[in-house]
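One file, work_23.txt, is given below (compact mmCIF, C-alpha atoms (C1' of nucleotides)).
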```
# COMPACT_ATOMS: atom_id res chain seq x y z
CA MET A 245 -33.37 -47.62 44.32
CA GLU A 246 -34.76 -49.81 41.59
CA ILE A 247 -36.95 -48.04 39.12
CA ALA A 248 -39.95 -50.12 40.15
CA ASN A 249 -40.12 -48.79 43.69
CA PHE A 250 -38.98 -45.39 42.58
CA VAL A 251 -42.08 -45.05 40.43
CA LYS A 252 -44.38 -46.51 43.03
CA GLU A 253 -43.18 -44.13 45.72
CA LYS A 254 -43.20 -41.09 43.48
CA ARG A 255 -46.69 -41.92 42.33
CA LYS A 256 -47.97 -42.30 45.85
CA SER A 257 -46.27 -39.12 46.98
CA VAL A 258 -48.43 -37.20 44.55
CA ARG A 259 -51.52 -39.30 45.31
CA LEU A 260 -52.10 -40.77 41.92
CA THR A 261 -53.58 -44.17 41.19
CA GLN A 262 -52.04 -46.41 38.56
CA PRO A 263 -54.78 -45.58 36.01
CA GLU A 264 -54.22 -41.87 36.61
CA LEU A 265 -50.48 -42.15 36.16
CA ALA A 266 -50.93 -44.20 33.00
CA GLU A 267 -53.24 -41.53 31.66
CA LYS A 268 -50.85 -38.68 32.42
CA ALA A 269 -47.83 -40.52 31.05
CA GLY A 270 -49.59 -41.60 27.91
CA VAL A 271 -48.92 -45.28 28.44
CA GLY A 272 -51.19 -48.19 29.07
CA LEU A 273 -52.29 -49.23 32.51
CA ARG A 274 -50.69 -52.59 31.99
CA PHE A 275 -47.36 -50.91 31.48
CA ILE A 276 -47.53 -49.04 34.79
CA ARG A 277 -48.35 -52.25 36.55
CA GLU A 278 -45.49 -54.18 34.99
CA LEU A 279 -43.17 -51.27 35.68
CA GLU A 280 -44.01 -51.09 39.38
CA GLN A 281 -43.67 -54.84 39.63
CA GLY A 282 -40.14 -54.73 38.37
CA LYS A 283 -40.44 -56.25 34.93
CA GLN A 284 -36.96 -56.03 33.44
CA SER A 285 -37.66 -56.09 29.75
CA LEU A 286 -39.63 -52.88 29.44
CA ARG A 287 -38.96 -50.40 26.71
CA LEU A 288 -36.69 -47.53 27.63
CA ASP A 289 -38.77 -44.86 25.93
CA LYS A 290 -41.90 -45.90 27.76
CA VAL A 291 -40.12 -45.83 31.10
CA ASN A 292 -38.91 -42.36 30.24
CA GLN A 293 -42.43 -41.22 29.46
CA VAL A 294 -43.37 -42.11 32.99
CA ILE A 295 -40.47 -40.88 35.09
CA GLN A 296 -40.10 -37.61 33.27
CA LEU A 297 -43.37 -36.64 34.91
CA PHE A 298 -41.37 -36.59 38.11
CA GLY A 299 -38.45 -34.73 36.57
CA TYR A 300 -36.32 -37.81 35.99
CA GLU A 301 -34.96 -39.73 33.06
CA VAL A 302 -33.28 -43.06 32.55
CA GLY A 303 -29.51 -43.01 32.74
CA ALA A 304 -26.47 -45.07 33.63
CA VAL A 305 -25.70 -45.08 37.33
CA LYS A 306 -22.71 -46.67 39.03
CA LYS A 307 -23.39 -49.94 40.72
CA LYS A 308 -22.47 -50.04 44.34
CA PRO A 309 -19.54 -52.35 44.96
CA THR A 310 -21.09 -55.34 46.62
CA THR A 311 -19.82 -56.78 49.86
CA TYR A 312 -19.52 -60.52 49.50
CA LEU A 313 -20.55 -62.84 52.34
CA MET B 152 -24.54 -38.01 29.35
CA GLU B 153 -26.95 -39.92 27.23
CA ILE B 154 -26.57 -43.66 27.37
CA ALA B 155 -25.62 -43.79 23.71
CA ASN B 156 -22.41 -41.84 24.07
CA PHE B 157 -21.77 -43.30 27.47
CA VAL B 158 -21.54 -46.75 25.94
CA LYS B 159 -19.51 -45.61 23.00
CA GLU B 160 -16.94 -43.87 25.15
CA LYS B 161 -16.70 -46.67 27.67
CA ARG B 162 -16.27 -49.17 24.90
CA LYS B 163 -13.50 -47.19 23.29
CA SER B 164 -11.77 -46.61 26.60
CA VAL B 165 -11.27 -50.34 26.90
CA ARG B 166 -10.44 -50.76 23.20
CA LEU B 167 -13.29 -52.97 22.20
CA THR B 168 -14.98 -53.07 18.82
CA GLN B 169 -18.74 -53.26 18.55
CA PRO B 170 -18.67 -56.98 17.70
CA GLU B 171 -16.45 -57.65 20.69
CA LEU B 172 -18.72 -55.74 23.06
CA ALA B 173 -21.77 -57.52 21.68
CA GLU B 174 -20.06 -60.83 22.29
CA LYS B 175 -19.10 -60.00 25.86
CA ALA B 176 -22.50 -58.58 26.71
CA GLY B 177 -24.39 -61.46 25.17
CA VAL B 178 -26.43 -59.27 22.85
CA GLY B 179 -26.54 -59.00 19.11
CA LEU B 180 -24.27 -56.73 17.15
CA ARG B 181 -27.30 -54.92 15.83
CA PHE B 182 -28.30 -54.05 19.33
CA ILE B 183 -24.95 -52.44 20.16
CA ARG B 184 -25.21 -50.35 17.03
CA GLU B 185 -28.71 -49.15 17.75
CA LEU B 186 -27.71 -48.45 21.34
CA GLU B 187 -24.75 -46.30 20.39
CA GLN B 188 -26.87 -44.49 17.86
CA GLY B 189 -29.36 -43.46 20.48
CA LYS B 190 -32.37 -45.56 19.60
CA GLN B 191 -34.94 -44.76 22.26
CA SER B 192 -37.09 -47.86 22.27
CA LEU B 193 -34.51 -50.39 23.37
CA ARG B 194 -35.26 -52.94 25.99
CA LEU B 195 -34.11 -52.08 29.49
CA ASP B 196 -32.73 -55.51 30.30
CA LYS B 197 -30.58 -55.57 27.19
CA VAL B 198 -29.17 -52.14 27.97
CA ASN B 199 -28.35 -53.41 31.44
CA GLN B 200 -26.54 -56.42 30.03
CA VAL B 201 -24.23 -54.02 28.26
CA ILE B 202 -23.52 -51.32 30.81
CA GLN B 203 -23.06 -53.69 33.70
CA LEU B 204 -19.85 -54.71 32.00
CA PHE B 205 -18.64 -51.25 32.93
CA GLY B 206 -20.03 -51.43 36.45
CA TYR B 207 -23.16 -49.47 35.72
CA GLU B 208 -26.87 -50.13 35.62
CA VAL B 209 -29.91 -48.28 34.39
CA GLY B 210 -31.57 -46.02 36.91
CA ALA B 211 -33.62 -42.86 37.30
CA VAL B 212 -31.52 -39.71 37.28
CA LYS B 213 -32.71 -36.18 37.87
CA LYS B 214 -33.13 -34.11 34.76
CA LYS B 215 -31.23 -30.88 34.72
CA PRO B 216 -33.60 -27.93 34.87
CA THR B 217 -33.52 -26.52 31.38
CA THR B 218 -33.01 -22.88 30.61
CA TYR B 219 -35.54 -21.77 28.07
CA LEU B 220 -34.54 -19.40 25.27
C1' DT C 231 -67.99 -56.65 59.53
C1' DA C 232 -69.44 -55.12 54.68
C1' DT C 233 -68.31 -52.04 50.83
C1' DA C 234 -65.50 -49.41 47.85
C1' DT C 235 -61.08 -48.65 45.97
C1' DT C 236 -56.73 -50.08 44.34
C1' DT C 237 -53.62 -53.41 42.59
C1' DG C 238 -52.29 -57.97 40.41
C1' DT C 239 -52.94 -61.64 36.88
C1' DA C 240 -54.59 -63.68 32.44
C1' DC C 241 -56.13 -63.42 27.66
C1' DC C 242 -55.97 -61.79 22.56
C1' DC C 243 -53.59 -59.34 19.06
C1' DA C 244 -51.18 -55.72 16.32
C1' DA C 245 -46.77 -53.60 16.30
C1' DA C 246 -42.06 -53.62 17.22
C1' DA C 247 -37.57 -55.43 19.11
C1' DG C 248 -33.65 -57.84 18.20
C1' DG C 249 -30.88 -61.73 16.22
C1' DG C 250 -28.50 -63.03 11.98
C1' DT C 251 -26.59 -61.68 7.86
C1' DA C 252 -25.21 -59.18 3.65
C1' DT C 253 -23.89 -54.97 1.77
C1' DA C 254 -22.54 -50.01 1.80
C1' DT C 255 -20.12 -46.40 3.80
C1' DA C 256 -16.52 -44.41 6.64
C1' DA C 257 -12.29 -44.39 9.02
C1' DA C 258 -7.63 -45.92 9.89
C1' DA C 259 -3.33 -48.03 8.49
C1' DA C 260 0.15 -49.38 5.14
C1' DT D 272 -3.37 -43.80 -2.98
C1' DT D 273 -4.64 -48.69 -1.88
C1' DT D 274 -5.79 -51.94 1.65
C1' DT D 275 -7.58 -53.18 5.85
C1' DT D 276 -10.59 -52.41 9.72
C1' DA D 277 -14.67 -50.48 11.81
C1' DT D 278 -19.23 -48.73 11.59
C1' DA D 279 -23.87 -47.86 9.41
C1' DT D 280 -27.95 -49.43 6.86
C1' DA D 281 -31.31 -52.92 4.94
C1' DC D 282 -33.73 -57.35 4.76
C1' DC D 283 -36.06 -61.60 6.74
C1' DC D 284 -37.78 -63.89 10.65
C1' DT D 285 -39.14 -65.29 15.48
C1' DT D 286 -40.23 -63.69 19.90
C1' DT D 287 -42.02 -60.29 22.94
C1' DT D 288 -43.83 -55.98 24.19
C1' DG D 289 -47.64 -53.24 25.33
C1' DG D 290 -52.49 -51.80 24.63
C1' DG D 291 -57.14 -53.15 25.82
C1' DT D 292 -59.93 -55.62 28.71
C1' DA D 293 -61.98 -58.75 32.19
C1' DC D 294 -61.61 -60.80 36.46
C1' DA D 295 -59.25 -62.00 40.94
C1' DA D 296 -56.91 -60.60 44.96
C1' DA D 297 -55.59 -57.33 48.17
C1' DT D 298 -56.06 -53.07 50.60
C1' DA D 299 -58.51 -49.21 52.47
C1' DT D 300 -62.68 -47.12 54.12
C1' DA D 301 -67.43 -46.81 56.13
```
Representation of the structure as structure tokens:
Amino acid sequence: MEIANFVKEKRKSVRLTQPELAEKAGVGLRFIRELEQGKQSLRLDKVNQVIQLFGYEVGAVKKKPTTYL
Amino acid sequence: MEIANFVKEKRKSVRLTQPELAEKAGVGLRFIRELEQGKQSLRLDKVNQVIQLFGYEVGAVKKKPTTYL
DNA sequence: TATATTTGTACCCAAAAGGGTATATAAAAA
DNA sequence: TTTTTATATACCCTTTTGGGTACAAATATA
């Protein structure tokens, strides 16, 4: 799953609003919003600040071989 | 494995120098160096440009539960 | 429906990323 | 060892991030 939806789902599963998650993660509200909307050019350390709250960290994962056509 | 060493090992396994990898990934040489040295505040999209060459992408991975002491 | 809550978009601005490049250091080869 | 190759550090500069904030749009609740 893309990080965007991963964060959104995790956040909802623990019933937090975006402002609450921003607060807990120590990032700005704007960042949470851009993150959940899939902005690609976010800073790695900031993303880590957020997902570590859920026990995750950013890492390299194998891409699924795509089926063409 | 941290992304830093992941990139370094993958790069060496295919016998590329840092300038060559930078060229192929379409990022600056400086970026490859900071990446392999573990700089935390890199941009996600740039990291993706690099590791997708090896068939990987950035994603959320579970942190190993740490043993304290 | 109306009202409250949550989420998305737009603006300004300081701080930082990252490209290019030159130089220094380290490692490998002759 | 000397010579070549590879990697690390430092500087200048432009572009972009991300914080703060205000407002709009969407969603949920009464």
As a compact mmCIF listing (two decimals) with C-alpha atoms, in the frame of the given file, please: chain B after a least-squares superposition onto chain A using all C-alpha atoms matched in order.
```txt
# COMPACT_ATOMS: atom_id res chain seq x y z
CA MET B 152 -33.40 -47.49 44.38
CA GLU B 153 -34.73 -49.69 41.67
CA ILE B 154 -36.94 -47.98 39.16
CA ALA B 155 -39.91 -50.07 40.21
CA ASN B 156 -40.12 -48.72 43.73
CA PHE B 157 -39.00 -45.31 42.60
CA VAL B 158 -42.09 -45.02 40.44
CA LYS B 159 -44.38 -46.45 43.04
CA GLU B 160 -43.21 -44.06 45.72
CA LYS B 161 -43.24 -41.03 43.47
CA ARG B 162 -46.71 -41.88 42.32
CA LYS B 163 -48.00 -42.23 45.84
CA SER B 164 -46.31 -39.04 46.95
CA VAL B 165 -48.47 -37.14 44.50
CA ARG B 166 -51.57 -39.22 45.27
CA LEU B 167 -52.11 -40.75 41.89
CA THR B 168 -53.59 -44.15 41.17
CA GLN B 169 -52.06 -46.41 38.57
CA PRO B 170 -54.77 -45.61 36.01
CA GLU B 171 -54.24 -41.90 36.57
CA LEU B 172 -50.47 -42.17 36.13
CA ALA B 173 -50.92 -44.25 32.99
CA GLU B 174 -53.23 -41.59 31.61
CA LYS B 175 -50.85 -38.74 32.36
CA ALA B 176 -47.82 -40.57 31.02
CA GLY B 177 -49.57 -41.70 27.87
CA VAL B 178 -48.88 -45.38 28.44
CA GLY B 179 -51.16 -48.28 29.09
CA LEU B 180 -52.27 -49.28 32.54
CA ARG B 181 -50.65 -52.65 32.04
CA PHE B 182 -47.35 -50.97 31.52
CA ILE B 183 -47.51 -49.06 34.81
CA ARG B 184 -48.27 -52.29 36.62
CA GLU B 185 -45.42 -54.20 35.07
CA LEU B 186 -43.12 -51.26 35.74
CA GLU B 187 -43.96 -51.08 39.42
CA GLN B 188 -43.59 -54.81 39.69
CA GLY B 189 -40.05 -54.69 38.42
CA LYS B 190 -40.37 -56.26 35.01
CA GLN B 191 -36.90 -56.07 33.51
CA SER B 192 -37.61 -56.12 29.80
CA LEU B 193 -39.57 -52.90 29.51
CA ARG B 194 -38.91 -50.45 26.77
CA LEU B 195 -36.65 -47.56 27.67
CA ASP B 196 -38.73 -44.90 25.96
CA LYS B 197 -41.88 -45.93 27.78
CA VAL B 198 -40.09 -45.84 31.13
CA ASN B 199 -38.91 -42.36 30.25
CA GLN B 200 -42.43 -41.24 29.45
CA VAL B 201 -43.37 -42.12 32.99
CA ILE B 202 -40.48 -40.86 35.09
CA GLN B 203 -40.13 -37.59 33.25
CA LEU B 204 -43.40 -36.64 34.87
CA PHE B 205 -41.40 -36.56 38.08
CA GLY B 206 -38.49 -34.70 36.53
CA TYR B 207 -36.34 -37.75 35.99
CA GLU B 208 -34.98 -39.68 33.05
CA VAL B 209 -33.27 -43.00 32.56
CA GLY B 210 -29.51 -42.94 32.76
CA ALA B 211 -26.46 -45.00 33.66
CA VAL B 212 -25.71 -45.00 37.37
CA LYS B 213 -22.73 -46.56 39.08
CA LYS B 214 -23.42 -49.85 40.76
CA LYS B 215 -22.54 -50.01 44.40
CA PRO B 216 -19.61 -52.35 44.97
CA THR B 217 -21.17 -55.39 46.55
CA THR B 218 -19.86 -57.03 49.66
CA TYR B 219 -19.69 -60.74 49.15
CA LEU B 220 -20.70 -63.11 51.95
```
Task: Residues near Asn249 of chain A, cut-off 12 Å, only C-alpha atoms (C1' of nucleotides), skip fewer than 6 positions along chain, as a PyMOL selection string - done: (chain A and resi 255-257+276-283+295) or (chain B and resi 210-211)
Open item on the list: Quick one: residues within 12 Å of segment 245-252 of chain C, all atoms listed in the file, excluding same-chain residues fewer than 3 positions away - as a count of residues only?
Closed with: 33
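Atom CA of Gln200 of chain B lies 22.5 Å from atom C1' of DA279 of chain D.
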So that I can check the surroundings of DT239 of chain C, please list as a PDB file with C-alpha atoms (C1' of nucleotides), in the coordinates of the input every protein, DNA and RNA residue that reaches within 10 Å of it, counting all atoms listed in the file and ignoring chain neighbours fewer than 5 positions away.
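And here is the file that came out, result34.pdb:
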```pdb
ATOM      1  C1'  DC D 294     -61.610 -60.800  36.460  1.00  0.00           C
ATOM      2  C1'  DA D 295     -59.250 -62.000  40.940  1.00  0.00           C
ATOM      3  C1'  DA D 296     -56.910 -60.600  44.960  1.00  0.00           C
TER       4       DA D 296
END
```
- [ ] Write out as an NGL selection string the residues lying within 7 Å of Glu208 of chain B, counting only C-alpha atoms (C1' of nucleotides) and excluding same-chain residues fewer than 4 positions away.
- [x] (:A and (304-307)) or (:B and (199 or 202-203))
- [ ] Using atom CA of Thr217 of chain B and atom CA of Gln262 of chain A as the two end points, give the distance in Å to one decimal.
- [x]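 About the pair atom CA of Thr217 of chain B and atom CA of Gln262 of chain A: they are 28.1 Å apart.
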Open item on the list: Using all atoms listed in the file and a cut-off of 9 Å, which residues of chain C sit close to chain A? Please list them as a ChimeraX atom specification.
Closed with: /C:236-238
- [ ] Please measure the separation of atom C1' of DA257 of chain C and atom C1' of DT272 of chain D, giving the value in Å to one decimal.
- [x]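 Separation between atom C1' of DA257 of chain C and atom C1' of DT272 of chain D: 15.0 Å.
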Complete the atom set of segment 181-208 of chain B to N, CA and C atoms and return it as a JSON list (two decimals), in the coordinates of the input.
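Output (rebuild.json):
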```
[["chain", "number", "residue", "atom", "x", "y", "z"],
["B", 181, "ARG", "N", -26.33, -55.94, 16.22],
["B", 181, "ARG", "CA", -27.30, -54.92, 15.83],
["B", 181, "ARG", "C", -27.72, -54.10, 17.02],
["B", 182, "PHE", "N", -27.87, -54.76, 18.14],
["B", 182, "PHE", "CA", -28.30, -54.05, 19.33],
["B", 182, "PHE", "C", -27.27, -53.01, 19.77],
["B", 183, "ILE", "N", -26.01, -53.39, 19.78],
["B", 183, "ILE", "CA", -24.95, -52.44, 20.16],
["B", 183, "ILE", "C", -24.98, -51.22, 19.25],
["B", 184, "ARG", "N", -25.21, -51.46, 17.98],
["B", 184, "ARG", "CA", -25.21, -50.35, 17.03],
["B", 184, "ARG", "C", -26.38, -49.42, 17.29],
["B", 185, "GLU", "N", -27.54, -50.00, 17.49],
["B", 185, "GLU", "CA", -28.71, -49.15, 17.75],
["B", 185, "GLU", "C", -28.54, -48.42, 19.08],
["B", 186, "LEU", "N", -27.94, -49.08, 20.04],
["B", 186, "LEU", "CA", -27.71, -48.45, 21.34],
["B", 186, "LEU", "C", -26.81, -47.24, 21.20],
["B", 187, "GLU", "N", -25.69, -47.41, 20.52],
["B", 187, "GLU", "CA", -24.75, -46.30, 20.39],
["B", 187, "GLU", "C", -25.29, -45.19, 19.49],
["B", 188, "GLN", "N", -26.29, -45.52, 18.72],
["B", 188, "GLN", "CA", -26.87, -44.49, 17.86],
["B", 188, "GLN", "C", -28.08, -43.82, 18.50],
["B", 189, "GLY", "N", -28.34, -44.18, 19.73],
["B", 189, "GLY", "CA", -29.36, -43.46, 20.48],
["B", 189, "GLY", "C", -30.79, -43.89, 20.25],
["B", 190, "LYS", "N", -31.00, -45.09, 19.76],
["B", 190, "LYS", "CA", -32.37, -45.56, 19.60],
["B", 190, "LYS", "C", -33.08, -45.55, 20.96],
["B", 191, "GLN", "N", -34.26, -45.00, 21.00],
["B", 191, "GLN", "CA", -34.94, -44.76, 22.26],
["B", 191, "GLN", "C", -35.75, -45.95, 22.78],
["B", 192, "SER", "N", -36.13, -46.82, 21.90],
["B", 192, "SER", "CA", -37.09, -47.86, 22.27],
["B", 192, "SER", "C", -36.44, -49.20, 22.59],
["B", 193, "LEU", "N", -35.21, -49.15, 23.04],
["B", 193, "LEU", "CA", -34.51, -50.39, 23.37],
["B", 193, "LEU", "C", -35.06, -51.00, 24.63],
["B", 194, "ARG", "N", -34.81, -52.28, 24.78],
["B", 194, "ARG", "CA", -35.26, -52.94, 25.99],
["B", 194, "ARG", "C", -34.28, -52.70, 27.13],
["B", 195, "LEU", "N", -34.87, -52.41, 28.29],
["B", 195, "LEU", "CA", -34.11, -52.08, 29.49],
["B", 195, "LEU", "C", -33.14, -53.18, 29.89],
["B", 196, "ASP", "N", -33.59, -54.42, 29.85],
["B", 196, "ASP", "CA", -32.73, -55.51, 30.30],
["B", 196, "ASP", "C", -31.51, -55.69, 29.40],
["B", 197, "LYS", "N", -31.71, -55.44, 28.12],
["B", 197, "LYS", "CA", -30.58, -55.57, 27.19],
["B", 197, "LYS", "C", -29.57, -54.46, 27.43],
["B", 198, "VAL", "N", -30.07, -53.26, 27.68],
["B", 198, "VAL", "CA", -29.17, -52.14, 27.97],
["B", 198, "VAL", "C", -28.37, -52.47, 29.23],
["B", 199, "ASN", "N", -29.04, -53.04, 30.21],
["B", 199, "ASN", "CA", -28.35, -53.41, 31.44],
["B", 199, "ASN", "C", -27.26, -54.45, 31.20],
["B", 200, "GLN", "N", -27.54, -55.41, 30.34],
["B", 200, "GLN", "CA", -26.54, -56.42, 30.03],
["B", 200, "GLN", "C", -25.24, -55.78, 29.55],
["B", 201, "VAL", "N", -25.41, -54.68, 28.83],
["B", 201, "VAL", "CA", -24.23, -54.02, 28.26],
["B", 201, "VAL", "C", -23.50, -53.19, 29.30],
["B", 202, "ILE", "N", -24.22, -52.27, 29.95],
["B", 202, "ILE", "CA", -23.52, -51.32, 30.81],
["B", 202, "ILE", "C", -23.04, -51.91, 32.13],
["B", 203, "GLN", "N", -23.56, -53.06, 32.48],
["B", 203, "GLN", "CA", -23.06, -53.69, 33.70],
["B", 203, "GLN", "C", -21.64, -54.17, 33.51],
["B", 204, "LEU", "N", -21.24, -54.33, 32.27],
["B", 204, "LEU", "CA", -19.85, -54.71, 32.00],
["B", 204, "LEU", "C", -18.91, -53.60, 32.45],
["B", 205, "PHE", "N", -19.45, -52.39, 32.50],
["B", 205, "PHE", "CA", -18.64, -51.25, 32.93],
["B", 205, "PHE", "C", -18.92, -50.88, 34.38],
["B", 206, "GLY", "N", -19.72, -51.70, 35.05],
["B", 206, "GLY", "CA", -20.03, -51.43, 36.45],
["B", 206, "GLY", "C", -21.19, -50.48, 36.65],
["B", 207, "TYR", "N", -22.01, -50.36, 35.64],
["B", 207, "TYR", "CA", -23.16, -49.47, 35.72],
["B", 207, "TYR", "C", -24.46, -50.24, 35.53],
["B", 208, "GLU", "N", -25.55, -49.58, 35.90],
["B", 208, "GLU", "CA", -26.87, -50.13, 35.62],
["B", 208, "GLU", "C", -27.80, -48.99, 35.32]]
```
